[in-house]
$ cat model.pdb   # PDB, C-alpha atoms and all ligand atoms
ATOM      1  CA  MET A   1       0.000   0.000   0.000
ATOM      2  CA  GLU A   2       1.444   3.357  -0.990
ATOM      3  CA  LYS A   3       1.940   5.854   1.814
ATOM      4  CA  HIS A   4       0.563   9.309   1.372
ATOM      5  CA  GLY A   5       3.368  11.818   1.343
ATOM      6  CA  GLY A   6       2.142  15.260   0.413
ATOM      7  CA  VAL A   7       0.323  16.996  -2.399
ATOM      8  CA  LYS A   8       1.151  16.573  -6.069
ATOM      9  CA  PHE A   9      -0.831  19.556  -7.408
ATOM     10  CA  ASP A  10      -0.326  23.318  -7.159
ATOM     11  CA  THR A  11      -2.375  25.016  -4.480
ATOM     12  CA  LYS A  12      -3.432  28.579  -5.201
ATOM     13  CA  PHE A  13      -4.546  30.212  -1.973
ATOM     14  CA  ILE A  14      -7.353  32.673  -2.302
ATOM     15  CA  GLY A  15      -7.464  33.387   1.423
ATOM     16  CA  LYS A  16      -6.182  32.375   4.827
ATOM     17  CA  ALA A  17      -9.456  32.060   6.662
ATOM     18  CA  VAL A  18      -9.811  28.942   8.800
ATOM     19  CA  PRO A  19     -13.139  27.216   8.064
ATOM     20  CA  ASP A  20     -15.838  28.543  10.359
ATOM     21  CA  ASP A  21     -18.810  26.241   9.970
ATOM     22  CA  PRO A  22     -20.840  24.391  12.611
ATOM     23  CA  ARG A  23     -20.737  21.240  10.448
ATOM     24  CA  LEU A  24     -16.995  21.065  11.037
ATOM     25  CA  GLU A  25     -17.757  19.376  14.365
ATOM     26  CA  VAL A  26     -19.528  16.569  12.499
ATOM     27  CA  LEU A  27     -16.565  16.171  10.157
ATOM     28  CA  LYS A  28     -14.227  16.058  13.175
ATOM     29  CA  PHE A  29     -16.388  13.371  14.744
ATOM     30  CA  TRP A  30     -16.015  11.208  11.627
ATOM     31  CA  CYS A  31     -12.277  11.906  11.429
ATOM     32  CA  GLY A  32     -12.102  10.572  14.982
ATOM     33  CA  GLU A  33     -14.150   7.498  14.045
ATOM     34  CA  PHE A  34     -11.878   6.840  11.071
ATOM     35  CA  HIS A  35      -8.899   7.055  13.394
ATOM     36  CA  ARG A  36     -10.381   4.777  16.040
ATOM     37  CA  ARG A  37     -11.487   2.184  13.504
ATOM     38  CA  ASN A  38      -8.118   2.301  11.778
ATOM     39  CA  PHE A  39      -9.566   3.573   8.478
ATOM     40  CA  ALA A  40      -7.045   6.430   8.679
ATOM     41  CA  PRO A  41      -3.991   4.510   9.816
ATOM     42  CA  PRO A  42      -1.271   6.646  11.387
ATOM     43  CA  TYR A  43       2.230   6.436   9.983
ATOM     44  CA  GLY A  44       4.647   8.343  12.110
ATOM     45  CA  GLU A  45       3.128  11.676  12.980
ATOM     46  CA  PHE A  46       0.798  11.727   9.975
ATOM     47  CA  SER A  47      -2.149   9.598   8.977
ATOM     48  CA  GLN A  48      -3.768   8.321   5.810
ATOM     49  CA  GLY A  49      -7.247   8.989   4.523
ATOM     50  CA  ASN A  50      -9.090  12.259   3.907
ATOM     51  CA  LEU A  51     -12.631  13.394   4.597
ATOM     52  CA  SER A  52     -14.741  16.217   3.185
ATOM     53  CA  PHE A  53     -18.261  17.618   2.954
ATOM     54  CA  ARG A  54     -19.833  19.843   0.331
ATOM     55  CA  LEU A  55     -20.450  23.373   1.546
ATOM     56  CA  LYS A  56     -23.595  24.127  -0.417
ATOM     57  CA  GLU A  57     -25.845  22.093  -2.662
ATOM     58  CA  GLY A  58     -25.465  23.038  -6.293
ATOM     59  CA  GLU A  59     -21.873  24.206  -5.813
ATOM     60  CA  ASN A  60     -18.649  22.216  -5.786
ATOM     61  CA  ALA A  61     -16.774  23.907  -2.921
ATOM     62  CA  PHE A  62     -16.040  21.699   0.090
ATOM     63  CA  ILE A  63     -14.235  21.547   3.408
ATOM     64  CA  ILE A  64     -11.543  18.866   3.614
ATOM     65  CA  THR A  65      -8.834  17.664   5.974
ATOM     66  CA  GLY A  66      -5.494  19.324   5.314
ATOM     67  CA  SER A  67      -2.462  17.454   4.036
ATOM     68  CA  GLN A  68      -0.187  15.838   6.656
ATOM     69  CA  VAL A  69      -2.077  17.229   9.612
ATOM     70  CA  GLY A  70      -1.377  14.413  12.031
ATOM     71  CA  TRP A  71      -3.591  11.796  13.585
ATOM     72  CA  LYS A  72      -7.260  12.309  12.880
ATOM     73  CA  ASP A  73      -8.517  11.865  16.435
ATOM     74  CA  ARG A  74      -7.734  15.388  17.577
ATOM     75  CA  LEU A  75      -7.820  17.857  14.709
ATOM     76  CA  SER A  76      -8.279  21.549  15.421
ATOM     77  CA  ASP A  77     -10.197  23.857  13.064
ATOM     78  CA  ASP A  78      -7.023  25.116  11.406
ATOM     79  CA  LYS A  79      -6.235  21.595  10.159
ATOM     80  CA  PHE A  80      -9.170  21.858   7.740
ATOM     81  CA  VAL A  81      -9.151  23.704   4.445
ATOM     82  CA  ILE A  82     -11.817  25.070   2.125
ATOM     83  CA  VAL A  83     -11.391  23.997  -1.487
ATOM     84  CA  THR A  84     -13.322  26.390  -3.698
ATOM     85  CA  GLY A  85     -12.504  24.767  -7.015
ATOM     86  CA  CYS A  86     -10.035  22.791  -9.091
ATOM     87  CA  ASP A  87      -8.596  22.996 -12.548
ATOM     88  CA  LEU A  88      -8.118  19.307 -13.159
ATOM     89  CA  SER A  89      -6.411  19.712 -16.533
ATOM     90  CA  GLU A  90      -3.818  22.104 -15.061
ATOM     91  CA  GLY A  91      -3.514  20.302 -11.728
ATOM     92  CA  VAL A  92      -4.422  23.412  -9.732
ATOM     93  CA  VAL A  93      -6.453  23.453  -6.517
ATOM     94  CA  TYR A  94      -7.923  26.733  -5.254
ATOM     95  CA  ALA A  95      -8.132  26.838  -1.490
ATOM     96  CA  ALA A  96      -8.591  28.988   1.581
ATOM     97  CA  GLY A  97      -6.950  28.122   4.861
ATOM     98  CA  LEU A  98      -3.605  27.749   6.581
ATOM     99  CA  ARG A  99      -2.484  24.370   5.201
ATOM    100  CA  ASP A 100      -2.263  22.517   1.956
ATOM    101  CA  PRO A 101      -5.555  20.755   1.323
ATOM    102  CA  SER A 102      -5.502  16.946   1.324
ATOM    103  CA  SER A 103      -3.419  15.269  -1.379
ATOM    104  CA  GLU A 104      -6.644  13.718  -2.746
ATOM    105  CA  SER A 105      -8.500  17.054  -3.105
ATOM    106  CA  MET A 106      -8.804  16.642  -6.876
ATOM    107  CA  MET A 107     -10.520  13.293  -6.384
ATOM    108  CA  HIS A 108     -13.021  14.794  -3.934
ATOM    109  CA  PHE A 109     -13.673  17.695  -6.300
ATOM    110  CA  ALA A 110     -14.215  15.416  -9.297
ATOM    111  CA  ILE A 111     -16.779  13.376  -7.343
ATOM    112  CA  TYR A 112     -18.731  16.447  -6.201
ATOM    113  CA  GLN A 113     -18.660  17.790  -9.738
ATOM    114  CA  ARG A 114     -19.913  14.528 -11.242
ATOM    115  CA  ARG A 115     -22.502  13.675  -8.587
ATOM    116  CA  SER A 116     -24.727  16.480  -7.322
ATOM    117  CA  ASP A 117     -26.464  13.988  -4.973
ATOM    118  CA  ILE A 118     -23.314  13.451  -2.912
ATOM    119  CA  GLN A 119     -22.691  15.796   0.004
ATOM    120  CA  ALA A 120     -19.875  13.920   1.778
ATOM    121  CA  VAL A 121     -16.817  12.016   0.517
ATOM    122  CA  PHE A 122     -14.780   9.963   2.986
ATOM    123  CA  HIS A 123     -11.603   8.265   1.762
ATOM    124  CA  GLY A 124     -10.048   5.644   4.005
ATOM    125  CA  HIS A 125      -7.561   2.808   3.958
ATOM    126  CA  SER A 126      -8.446  -0.657   5.186
ATOM    127  CA  ARG A 127      -6.789  -3.987   4.519
ATOM    128  CA  GLU A 128     -10.054  -5.821   5.238
ATOM    129  CA  VAL A 129     -12.009  -3.778   2.689
ATOM    130  CA  LEU A 130      -9.281  -4.124   0.038
ATOM    131  CA  SER A 131      -9.528  -7.878   0.194
ATOM    132  CA  CYS A 132     -13.268  -8.171  -0.369
ATOM    133  CA  PRO A 133     -14.664  -6.241  -3.391
ATOM    134  CA  ASP A 134     -15.280  -9.436  -5.416
ATOM    135  CA  LYS A 135     -17.183 -11.136  -2.618
ATOM    136  CA  LEU A 136     -19.483  -8.184  -1.976
ATOM    137  CA  ALA A 137     -19.816  -7.069  -5.599
ATOM    138  CA  ILE A 138     -18.264  -3.711  -4.773
ATOM    139  CA  ARG A 139     -16.913  -1.793  -7.736
ATOM    140  CA  GLU A 140     -13.164  -1.453  -7.824
ATOM    141  CA  THR A 141     -10.896   0.693  -9.992
ATOM    142  CA  ARG A 142      -9.303  -1.318 -12.750
ATOM    143  CA  GLU A 143      -5.695  -0.649 -11.865
ATOM    144  CA  LYS A 144      -3.658   0.801  -9.054
ATOM    145  CA  ARG A 145      -2.811   4.446  -9.758
ATOM    146  CA  PRO A 146      -0.471   6.749  -7.828
ATOM    147  CA  TYR A 147      -2.120   8.555  -4.906
ATOM    148  CA  GLY A 148      -3.058  12.170  -5.562
ATOM    149  CA  SER A 149      -2.762  11.781  -9.337
ATOM    150  CA  LEU A 150      -5.118  12.706 -12.126
ATOM    151  CA  GLU A 151      -4.873   9.075 -13.261
ATOM    152  CA  LEU A 152      -6.371   8.049  -9.935
ATOM    153  CA  VAL A 153      -9.185  10.591 -10.369
ATOM    154  CA  GLU A 154      -9.927   9.214 -13.839
ATOM    155  CA  SER A 155      -9.892   5.628 -12.625
ATOM    156  CA  VAL A 156     -12.546   6.558 -10.036
ATOM    157  CA  LEU A 157     -14.769   8.458 -12.490
ATOM    158  CA  GLU A 158     -14.622   5.449 -14.801
ATOM    159  CA  ILE A 159     -16.418   3.234 -12.279
ATOM    160  CA  LEU A 160     -18.312   5.798 -10.162
ATOM    161  CA  ASP A 161     -21.664   5.710 -11.944
ATOM    162  CA  GLN A 162     -24.318   5.883  -9.169
ATOM    163  CA  GLU A 163     -22.245   3.940  -6.605
ATOM    164  CA  MET A 164     -22.004   5.124  -2.998
ATOM    165  CA  PHE A 165     -18.943   3.023  -2.165
ATOM    166  CA  VAL A 166     -15.982   2.106  -4.357
ATOM    167  CA  VAL A 167     -12.603   0.510  -3.775
ATOM    168  CA  LEU A 168      -9.361   1.973  -5.104
ATOM    169  CA  LYS A 169      -7.362  -1.064  -6.145
ATOM    170  CA  LYS A 170      -4.494  -1.855  -3.751
ATOM    171  CA  HIS A 171      -5.014   1.511  -2.067
ATOM    172  CA  GLY A 172      -8.225   2.184  -0.142
ATOM    173  CA  PHE A 173     -11.919   3.001  -0.394
ATOM    174  CA  ILE A 174     -14.253   5.942  -0.961
ATOM    175  CA  SER A 175     -17.479   6.048   1.002
ATOM    176  CA  MET A 176     -20.027   8.640  -0.079
ATOM    177  CA  GLY A 177     -23.320   9.907   1.245
ATOM    178  CA  LYS A 178     -26.105  12.445   1.080
ATOM    179  CA  THR A 179     -24.929  13.316   4.592
ATOM    180  CA  MET A 180     -21.677  12.804   6.477
ATOM    181  CA  ARG A 181     -23.445  10.323   8.690
ATOM    182  CA  GLU A 182     -24.469   8.240   5.678
ATOM    183  CA  ALA A 183     -20.924   8.184   4.315
ATOM    184  CA  GLY A 184     -19.467   7.270   7.713
ATOM    185  CA  GLU A 185     -22.003   4.572   8.546
ATOM    186  CA  LEU A 186     -21.655   2.996   5.112
ATOM    187  CA  ALA A 187     -17.888   2.657   5.598
ATOM    188  CA  ILE A 188     -18.431   1.026   9.001
ATOM    189  CA  ARG A 189     -21.083  -1.356   7.629
ATOM    190  CA  ILE A 190     -18.990  -2.505   4.687
ATOM    191  CA  HIS A 191     -15.893  -2.892   6.828
ATOM    192  CA  ARG A 192     -17.901  -5.110   9.199
ATOM    193  CA  MET A 193     -19.123  -7.273   6.326
ATOM    194  CA  CYS A 194     -15.574  -7.641   5.036
ATOM    195  CA  GLU A 195     -14.327  -8.605   8.482
ATOM    196  CA  ALA A 196     -17.078 -11.196   8.844
ATOM    197  CA  LEU A 197     -16.111 -12.719   5.500
ATOM    198  CA  LYS A 198     -12.542 -12.928   6.632
ATOM    199  CA  ASP A 199     -13.543 -14.652   9.881
ATOM    200  CA  GLU A 200     -15.658 -17.131   7.934
ATOM    201  CA  LYS A 201     -12.713 -17.961   5.745
ATOM    202  CA  ARG A 202     -10.547 -18.441   8.791
ATOM    203  CA  ALA A 203     -13.093 -20.772  10.376
ATOM    204  CA  GLU A 204     -13.258 -22.864   7.209
ATOM    205  CA  GLY A 205      -9.510 -22.870   6.729
TER     206      GLY A 205
HETATM  207 ZN    ZN B 301      -5.403   7.111   0.204
END
$ encode --input "model.pdb" --output "structure tokens"
Amino acid sequence: MEKHGGVKFDTKFIGKAVPDDPRLEVLKFWCGEFHRRNFAPPYGEFSQGNLSFRLKEGENAFIITGSQVGWKDRLSDDKFVIVTGCDLSEGVVYAAGLRDPSSESMMHFAIYQRRSDIQAVFHGHSREVLSCPDKLAIRETREKRPYGSLELVESVLEILDQEMFVVLKKHGFISMGKTMREAGELAIRIHRMCEALKDEKRAEG
């Protein structure tokens, strides 16, 4: 599994304001859940995975975890960034905040742009989930692509369709929802099913 190690796009800052939105507390709650459930595994002082929610229906701006902000169980407001837009062809992300937005910001943007029904995008890493797409008929990207790349974005759009949960081959998963709660609970539910399958296999074996 590739480790996340910083952004690969250019960030153009349009402001330094720290997100000030009551929904940030909900996003923090789910960051904490992802940490506790090991969907955002720490490596050293950083952790993998990135979570966002759409600011306003009908627009593509969102609030997302910053890049390399540390473990996700105790993030302060300034560790979150507003992404107002992306130029995917140029690899530019427009943001407001004090940090680089998550390395997967282009992927989040592309999903919000493609799917107006989705209000939350949670990306996590989980060995259990990676090993079970076939068994649960979960859609999976065709090939492993480098994290943070446009190739990865394209590989997701290729299979996204109307799915609410997809697996990034040999990398992680994306759980989506009409609310943050939906996206978070879906990730937990699928992870549980994958774990149960693994236990079954062990019992048989
Ligand atoms: Zn990842």
$ closest_residue --input "model.pdb" --among "A:Phe13, A:Phe34, A:Phe173, A:Phe29" --to "ligand ZN 301 (chain B)" --atoms "only C-alpha atoms and all ligand atoms"
A:Phe173
$ residues_near_ligand --input "model.pdb" --ligand "ligand ZN 301 (chain B)" --cutoff "6 Å" --atoms "only C-alpha atoms and all ligand atoms" --output "PyMOL selection string"
chain A and resi 48-49+172
$ closest_residue --input "model.pdb" --among "A:Arg99, A:Lys56, A:Arg114, A:Lys169" --to "A:Thr84" --atoms "all atoms listed in the file"
A:Lys56
$ atom_distance --input "model.pdb" --atom1 "atom CA of A:Phe39" --atom2 "atom CA of A:Ala187"
8.9 Å
$ atom_distance --input "model.pdb" --atom1 "atom CA of A:Trp71" --atom2 "atom CA of A:Gly32"
8.7 Å
$ resolve_selection --input "model.pdb" --expression "the PyMOL selection byres (((chain A and resi 162-165) around 6) and not hetatm)" --output "list in words"
Leu160, Asp161, Val166, Ile174, Ser175 and Met176 of chain A
$ decode --input "model.pdb" --residues "stretch 43-62 of chain A" --atoms "N, CA and C atoms" --output "short mmCIF file (atom, residue, chain, number, x, y, z; two decimals), in the first residue's frame"
data_model
loop_
_atom_site.label_atom_id
_atom_site.label_comp_id
_atom_site.auth_asym_id
_atom_site.auth_seq_id
_atom_site.Cartn_x
_atom_site.Cartn_y
_atom_site.Cartn_z
N TYR A 43 0.85 6.86 10.24
CA TYR A 43 2.23 6.44 9.98
C TYR A 43 3.11 7.57 10.44
N GLY A 44 3.87 7.28 11.48
CA GLY A 44 4.65 8.34 12.11
C GLY A 44 3.70 9.37 12.69
N GLU A 45 3.97 10.62 12.40
CA GLU A 45 3.13 11.68 12.98
C GLU A 45 1.94 12.01 12.08
N PHE A 46 1.90 11.43 10.89
CA PHE A 46 0.80 11.73 9.97
C PHE A 46 -0.19 10.57 9.96
N SER A 47 -1.24 10.72 9.13
CA SER A 47 -2.15 9.60 8.98
C SER A 47 -2.74 9.62 7.58
N GLN A 48 -3.22 8.45 7.15
CA GLN A 48 -3.77 8.32 5.81
C GLN A 48 -5.26 8.60 5.82
N GLY A 49 -5.82 8.73 4.63
CA GLY A 49 -7.25 8.99 4.52
C GLY A 49 -7.54 10.48 4.53
N ASN A 50 -8.68 10.85 3.92
CA ASN A 50 -9.09 12.26 3.91
C ASN A 50 -10.60 12.35 3.77
N LEU A 51 -11.18 13.31 4.50
CA LEU A 51 -12.63 13.39 4.60
C LEU A 51 -13.10 14.81 4.26
N SER A 52 -14.24 14.89 3.57
CA SER A 52 -14.74 16.22 3.18
C SER A 52 -16.26 16.24 3.17
N PHE A 53 -16.82 17.45 3.21
CA PHE A 53 -18.26 17.62 2.95
C PHE A 53 -18.47 18.83 2.06
N ARG A 54 -19.51 18.76 1.26
CA ARG A 54 -19.83 19.84 0.33
C ARG A 54 -20.43 21.01 1.11
N LEU A 55 -19.99 22.21 0.79
CA LEU A 55 -20.45 23.37 1.55
C LEU A 55 -21.90 23.72 1.25
N LYS A 56 -22.27 23.65 -0.05
CA LYS A 56 -23.60 24.13 -0.42
C LYS A 56 -24.08 23.34 -1.62
N GLU A 57 -25.30 22.84 -1.53
CA GLU A 57 -25.84 22.09 -2.66
C GLU A 57 -25.82 22.94 -3.92
N GLY A 58 -25.50 22.31 -5.02
CA GLY A 58 -25.46 23.04 -6.29
C GLY A 58 -24.12 23.70 -6.58
N GLU A 59 -23.22 23.67 -5.60
CA GLU A 59 -21.87 24.21 -5.81
C GLU A 59 -20.86 23.12 -5.49
N ASN A 60 -19.63 23.29 -5.98
CA ASN A 60 -18.65 22.22 -5.79
C ASN A 60 -17.60 22.50 -4.72
N ALA A 61 -17.74 23.61 -3.99
CA ALA A 61 -16.77 23.91 -2.92
C ALA A 61 -17.01 22.96 -1.74
N PHE A 62 -15.91 22.63 -1.05
CA PHE A 62 -16.04 21.70 0.09
C PHE A 62 -14.98 22.00 1.14
#
